[in-house]
Amino acid sequence: MADTLTATALTLKDIAREAGVSLATVDRVLHNRPGVRPDTVRRVKAAIERNAFQPHVAAAELARSRARRFAFVMPAGPNPFMQQIEAYLGEMSAWLSARRLGVEVVATDVFDPSALAASLEALSGDYDGVAVVALDHPGVRAAINDLVDAGTSVVTLVSDVPSSRRHHYVGIDNIAAGRTAGALVGRLVGQRPGKVAIVAGSQGLRDHSERIFGFNQVMASEFPDLSVLPVLEGRDEDGRSEQVLARLLGRHADIVGLYNAGAGTQGVAKALSDAGRGKQMVFVGHDVTALTRRLLLQGVMDAAISQNPGHEARAAVRVLLALARGEPILREQEKIRIDIVMRDNLP
């Protein structure tokens with residue numbers, strides 16, 4: 001019959017189609033790599049045995065060098081740091097092409113767990129690897145686990161979901177970053193008594209919640225005379241961050257320090273300016289962008305906890321490629337460091 005496959009004509013793609021799985025899943029089963037459900041392993045092996053398929057060195061090398069697709073699930077909206085990551089992915093086009101890699105950016109509302117989970121679910125079977133800026137939520141965790149079970153490599157980027165079965169996290173130590181911000185605010189405030197405000201995108205984002213945790217640790221242990229106010233959530237949006245901070249400034253005339261744990265920095269700065277307090281309080285935030293650079297130079301912002309968006313973009317791609325090939329991840333090389341940037345050491 002014309003549709004009967006012979007052992008010599010059979011390819012990995014044929015096995016994947018017959019077993020009803022992705023090519024990446026077949027590759028994982030052939031190389032005994034983790035992340036595949038037992039019943040899926042049995043289905044793939046049954047298809048191999050049924051067709052007397054004999055993978056050999058050339059086929060394995062072909063699988064290593066085949067074209068692969070990676071998806072980067074990124075926050076929708078004008079987040080300058082996330083836009084920097086996307087820009088660096090664009091700059092990697094020659095490097096990606098040389099390795100037969102395609103990277104597509106999928107924009108979604110990462111603050112909405114249902115929307116984020118739906119975006120992840122829609123990727124199943126279409127991509128070899130997924131990097132996601134993830135909300136730590138049961139629905140998102142389940143969507144990540146389903147992708148992994150289906151044979152897709154998953155890397156969390158910037159914000160982690162450690163209770164999921166994601167393969168790797170690419171990002172900074174956010175508790176350490178928060179502790180650093182706390183030390184800066186406390187020391188720069190000096191002997192002035194008063195309150196400290198915190199603005200975050202969402203405490204559901206693990207990176208923001210860990211930063212706040214580290215910040216509060218230092219405030220409580222080293223600066224007990226400073227009173228930390230409840231966290232404001234601005235969803236990393238300039239307008240919303242401006243509104244929530246403006247209301248807080250109107251209620252508390254004795255705020256001496258401010259920590260912005262996420263984006264929305266332009267809105268935060270505008271609220272300070274409109275209240276006439278742009279240079280009256282210590283303001284520490286994150287990331288070196290065109291905006292934070294200007295605020296640092298103007299003296300509105302005192303310090304930025306910086307992470308390298310280019311390094312994060314490159315590291316996420318390299319980790320996904322290593323996972324797809326079954327190669328070791330160079331953990332020290334992919335470790336993302338933090339830097340303290342102030343007006344006098346702007347890069």
# chains A, B, ... in the order shown; residues from 1 in each chain; ligands from 1

call {"tool": "select_by_dssp", "arguments": {"residues": "range 97-267 of chain A", "states": "strand (DSSP E)", "output": "ChimeraX atom specification"}}
result
/A:101-108,129-132,153-157,168-170,194-200,226-228,232-233,255-260

call {"tool": "residues_around", "arguments": {"residues": "Met82 in chain A", "least_positions_apart": "2", "cutoff": "12 Å", "atoms": "only C-alpha atoms", "output": "PyMOL selection string"}}
result
chain A and resi 72-80+84-89+105+107+110+132-133+157-159+236+262-263+287-289+307-310+312-313

call {"tool": "closest_residue", "arguments": {"among": "A:Val199, A:Val189, A:Leu184, A:Val218", "to": "Ala304 in chain A", "atoms": "only C-alpha atoms"}}
result
A:Leu184

call {"tool": "closest_residue", "arguments": {"among": "A:Met281, A:Val161, A:Leu346, A:Leu321", "to": "Arg294 in chain A", "atoms": "only C-alpha atoms"}}
result
A:Leu346

call {"tool": "residues_around", "arguments": {"residues": "range 26-35 of chain A", "least_positions_apart": "5", "cutoff": "10 Å", "atoms": "only C-alpha atoms", "output": "CSV table (one decimal) with C-alpha atoms, in the first residue's frame"}}
result
chain,number,residue,atom,x,y,z
A,12,LEU,CA,11.7,10.9,13.0
A,13,LYS,CA,8.9,13.1,11.7
A,15,ILE,CA,7.4,8.4,14.1
A,16,ALA,CA,6.2,11.7,15.7
A,17,ARG,CA,3.1,11.8,13.4
A,19,ALA,CA,2.6,8.5,17.8
A,20,GLY,CA,0.7,11.8,17.9
A,21,VAL,CA,3.5,13.8,19.5
A,40,THR,CA,3.9,9.1,25.9
A,41,VAL,CA,7.2,7.2,26.1
A,42,ARG,CA,5.4,3.9,25.6
A,43,ARG,CA,3.5,5.3,22.6
A,44,VAL,CA,6.6,6.6,20.9
A,45,LYS,CA,8.5,3.3,21.6
A,48,ILE,CA,9.4,2.7,16.7
A,55,PRO,CA,17.8,5.4,14.6
A,60,ALA,CA,20.6,11.8,15.5
A,63,ALA,CA,17.8,15.8,14.7
A,64,ARG,CA,20.4,18.0,16.4
A,145,ASN,CA,3.4,21.5,33.4
A,147,LEU,CA,3.7,22.0,28.0
A,148,VAL,CA,6.5,20.1,29.7
A,149,ASP,CA,4.5,16.9,29.7
A,150,ALA,CA,3.9,17.4,25.9
A,151,GLY,CA,7.7,17.5,25.4
A,152,THR,CA,8.3,21.2,25.2
A,153,SER,CA,11.2,22.7,27.0
A,165,ARG,CA,8.1,21.6,36.3
A,166,ARG,CA,9.8,24.2,34.2
A,167,HIS,CA,13.3,23.2,33.2
A,323,LEU,CA,17.6,21.6,26.5
A,324,ALA,CA,16.5,20.7,22.9
A,325,ARG,CA,19.9,19.2,22.1
A,326,GLY,CA,20.2,17.4,25.5

call {"tool": "select_by_dssp", "arguments": {"residues": "range 13-252 of chain A", "states": "helix (DSSP H, G or I)", "output": "PyMOL selection string"}}
result
chain A and resi 13-19+23-30+38-50+57-65+80-91+93-98+113-121+138-149+174-189+206-222+238-251

call {"tool": "residues_around", "arguments": {"residues": "range 210-213 of chain A", "least_positions_apart": "3", "cutoff": "7 Å", "atoms": "only C-alpha atoms", "output": "count of residues only"}}
result
9

call {"tool": "residues_around", "arguments": {"residues": "range 255-260 of chain A", "least_positions_apart": "4", "cutoff": "7 Å", "atoms": "only C-alpha atoms", "output": "number ranges by chain"}}
result
A: 185, 189, 194-200, 281-285

call {"tool": "atom_distance", "arguments": {"atom1": "CA of Ala220 in chain A", "atom2": "CA of Leu232 in chain A"}}
result
18.7 Å

call {"tool": "closest_residue", "arguments": {"among": "A:Leu272, A:Thr156, A:His137, A:Trp95", "to": "Gly171 in chain A", "atoms": "only C-alpha atoms"}}
result
A:Thr156

call {"tool": "residues_around", "arguments": {"residues": "Ser119 in chain A", "least_positions_apart": "3", "cutoff": "10 Å", "atoms": "only C-alpha atoms", "output": "ChimeraX atom specification"}}
result
/A:73,106-110,113-116,122-124,140,143

call {"tool": "write_last_selection", "arguments": {"atoms": "all heavy atoms", "output": "mmCIF file, in the first residue's frame"}}
result
data_model
loop_
_atom_site.group_PDB
_atom_site.id
_atom_site.type_symbol
_atom_site.label_atom_id
_atom_site.label_comp_id
_atom_site.auth_asym_id
_atom_site.auth_seq_id
_atom_site.Cartn_x
_atom_site.Cartn_y
_atom_site.Cartn_z
ATOM 1 N N VAL A 73 7.105 34.298 25.540
ATOM 2 C CA VAL A 73 5.829 34.849 25.987
ATOM 3 C C VAL A 73 6.140 36.048 26.882
ATOM 4 O O VAL A 73 6.644 35.891 28.002
ATOM 5 C CB VAL A 73 5.001 33.797 26.739
ATOM 6 C CG1 VAL A 73 3.660 34.387 27.178
ATOM 7 C CG2 VAL A 73 4.785 32.567 25.847
ATOM 8 N N VAL A 106 5.397 36.285 21.678
ATOM 9 C CA VAL A 106 3.952 36.223 21.899
ATOM 10 C C VAL A 106 3.624 37.189 23.034
ATOM 11 O O VAL A 106 4.049 36.982 24.176
ATOM 12 C CB VAL A 106 3.498 34.798 22.267
ATOM 13 C CG1 VAL A 106 2.002 34.765 22.557
ATOM 14 C CG2 VAL A 106 3.863 33.811 21.163
ATOM 15 N N ALA A 107 2.906 38.255 22.738
ATOM 16 C CA ALA A 107 2.561 39.256 23.749
ATOM 17 C C ALA A 107 1.239 38.886 24.406
ATOM 18 O O ALA A 107 0.272 38.523 23.723
ATOM 19 C CB ALA A 107 2.461 40.638 23.110
ATOM 20 N N THR A 108 1.195 38.970 25.731
ATOM 21 C CA THR A 108 -0.031 38.648 26.453
ATOM 22 C C THR A 108 -0.075 39.430 27.756
ATOM 23 O O THR A 108 0.915 40.049 28.161
ATOM 24 C CB THR A 108 -0.123 37.129 26.735
ATOM 25 O OG1 THR A 108 -1.426 36.799 27.203
ATOM 26 C CG2 THR A 108 0.904 36.704 27.762
ATOM 27 N N ASP A 109 -1.204 39.399 28.422
ATOM 28 C CA ASP A 109 -1.353 40.065 29.707
ATOM 29 C C ASP A 109 -0.850 39.120 30.791
ATOM 30 O O ASP A 109 -1.587 38.245 31.255
ATOM 31 C CB ASP A 109 -2.818 40.434 29.946
ATOM 32 C CG ASP A 109 -3.030 41.227 31.233
ATOM 33 O OD1 ASP A 109 -2.054 41.387 31.999
ATOM 34 O OD2 ASP A 109 -4.168 41.686 31.474
ATOM 35 N N VAL A 110 0.403 39.297 31.198
ATOM 36 C CA VAL A 110 0.986 38.373 32.175
ATOM 37 C C VAL A 110 0.416 38.591 33.575
ATOM 38 O O VAL A 110 0.656 37.775 34.479
ATOM 39 C CB VAL A 110 2.528 38.488 32.213
ATOM 40 C CG1 VAL A 110 3.122 38.189 30.860
ATOM 41 C CG2 VAL A 110 2.969 39.853 32.720
ATOM 42 N N PRO A 113 -3.923 35.693 35.070
ATOM 43 C CA PRO A 113 -3.537 34.282 35.007
ATOM 44 C C PRO A 113 -4.283 33.493 33.939
ATOM 45 O O PRO A 113 -3.707 32.602 33.300
ATOM 46 C CB PRO A 113 -3.838 33.759 36.418
ATOM 47 C CG PRO A 113 -4.769 34.753 37.015
ATOM 48 C CD PRO A 113 -4.440 36.069 36.396
ATOM 49 N N SER A 114 -5.561 33.816 33.724
ATOM 50 C CA SER A 114 -6.331 33.094 32.702
ATOM 51 C C SER A 114 -5.797 33.387 31.306
ATOM 52 O O SER A 114 -5.661 32.481 30.475
ATOM 53 C CB SER A 114 -7.809 33.470 32.793
ATOM 54 O OG SER A 114 -8.359 33.092 34.041
ATOM 55 N N ALA A 115 -5.494 34.657 31.045
ATOM 56 C CA ALA A 115 -4.966 35.033 29.732
ATOM 57 C C ALA A 115 -3.592 34.430 29.503
ATOM 58 O O ALA A 115 -3.294 33.921 28.409
ATOM 59 C CB ALA A 115 -4.902 36.558 29.618
ATOM 60 N N LEU A 116 -2.743 34.465 30.530
ATOM 61 C CA LEU A 116 -1.402 33.907 30.389
ATOM 62 C C LEU A 116 -1.458 32.396 30.193
ATOM 63 O O LEU A 116 -0.760 31.839 29.325
ATOM 64 C CB LEU A 116 -0.558 34.263 31.613
ATOM 65 C CG LEU A 116 0.870 33.721 31.656
ATOM 66 C CD1 LEU A 116 1.647 34.101 30.402
ATOM 67 C CD2 LEU A 116 1.596 34.221 32.907
ATOM 68 N N ALA A 122 -2.014 27.553 24.065
ATOM 69 C CA ALA A 122 -2.114 27.666 22.609
ATOM 70 C C ALA A 122 -0.803 27.316 21.903
ATOM 71 O O ALA A 122 -0.793 27.090 20.692
ATOM 72 C CB ALA A 122 -2.543 29.084 22.224
ATOM 73 N N LEU A 123 0.301 27.245 22.657
ATOM 74 C CA LEU A 123 1.609 26.971 22.053
ATOM 75 C C LEU A 123 1.903 25.481 21.952
ATOM 76 O O LEU A 123 2.858 25.085 21.275
ATOM 77 C CB LEU A 123 2.715 27.637 22.877
ATOM 78 C CG LEU A 123 2.604 29.149 23.089
ATOM 79 C CD1 LEU A 123 3.741 29.634 23.974
ATOM 80 C CD2 LEU A 123 2.612 29.878 21.761
ATOM 81 N N SER A 124 1.110 24.658 22.613
ATOM 82 C CA SER A 124 1.402 23.223 22.693
ATOM 83 C C SER A 124 1.501 22.588 21.316
ATOM 84 O O SER A 124 0.623 22.755 20.468
ATOM 85 C CB SER A 124 0.320 22.519 23.509
ATOM 86 O OG SER A 124 0.638 21.152 23.673
ATOM 87 N N VAL A 140 -1.383 29.056 35.764
ATOM 88 C CA VAL A 140 -0.172 29.213 34.956
ATOM 89 C C VAL A 140 0.763 28.036 35.192
ATOM 90 O O VAL A 140 1.360 27.494 34.251
ATOM 91 C CB VAL A 140 0.532 30.542 35.294
ATOM 92 C CG1 VAL A 140 1.850 30.667 34.545
ATOM 93 C CG2 VAL A 140 -0.380 31.727 34.976
ATOM 94 N N ALA A 143 -0.456 25.130 33.201
ATOM 95 C CA ALA A 143 -0.189 25.303 31.772
ATOM 96 C C ALA A 143 1.277 25.003 31.454
ATOM 97 O O ALA A 143 1.593 24.389 30.421
ATOM 98 C CB ALA A 143 -0.560 26.712 31.334
#

call {"tool": "atom_distance", "arguments": {"atom1": "CA of Glu91 in chain A", "atom2": "CA of Leu291 in chain A"}}
result
21.6 Å

call {"tool": "closest_residue", "arguments": {"among": "A:Ala117, A:Met301, A:Val317, A:Ala269", "to": "Gly102 in chain A", "atoms": "only C-alpha atoms"}}
result
A:Val317

call {"tool": "atom_distance", "arguments": {"atom1": "CA of Asn51 in chain A", "atom2": "CA of Arg100 in chain A"}}
result
29.0 Å

call {"tool": "closest_residue", "arguments": {"among": "A:Ala315, A:Met342, A:Ala253, A:Ala303", "to": "His168 in chain A", "atoms": "only C-alpha atoms"}}
result
A:Ala315

call {"tool": "closest_residue", "arguments": {"among": "A:Ser202, A:Ser241, A:Ser306, A:Asn345", "to": "Ala181 in chain A", "atoms": "only C-alpha atoms"}}
result
A:Ser306
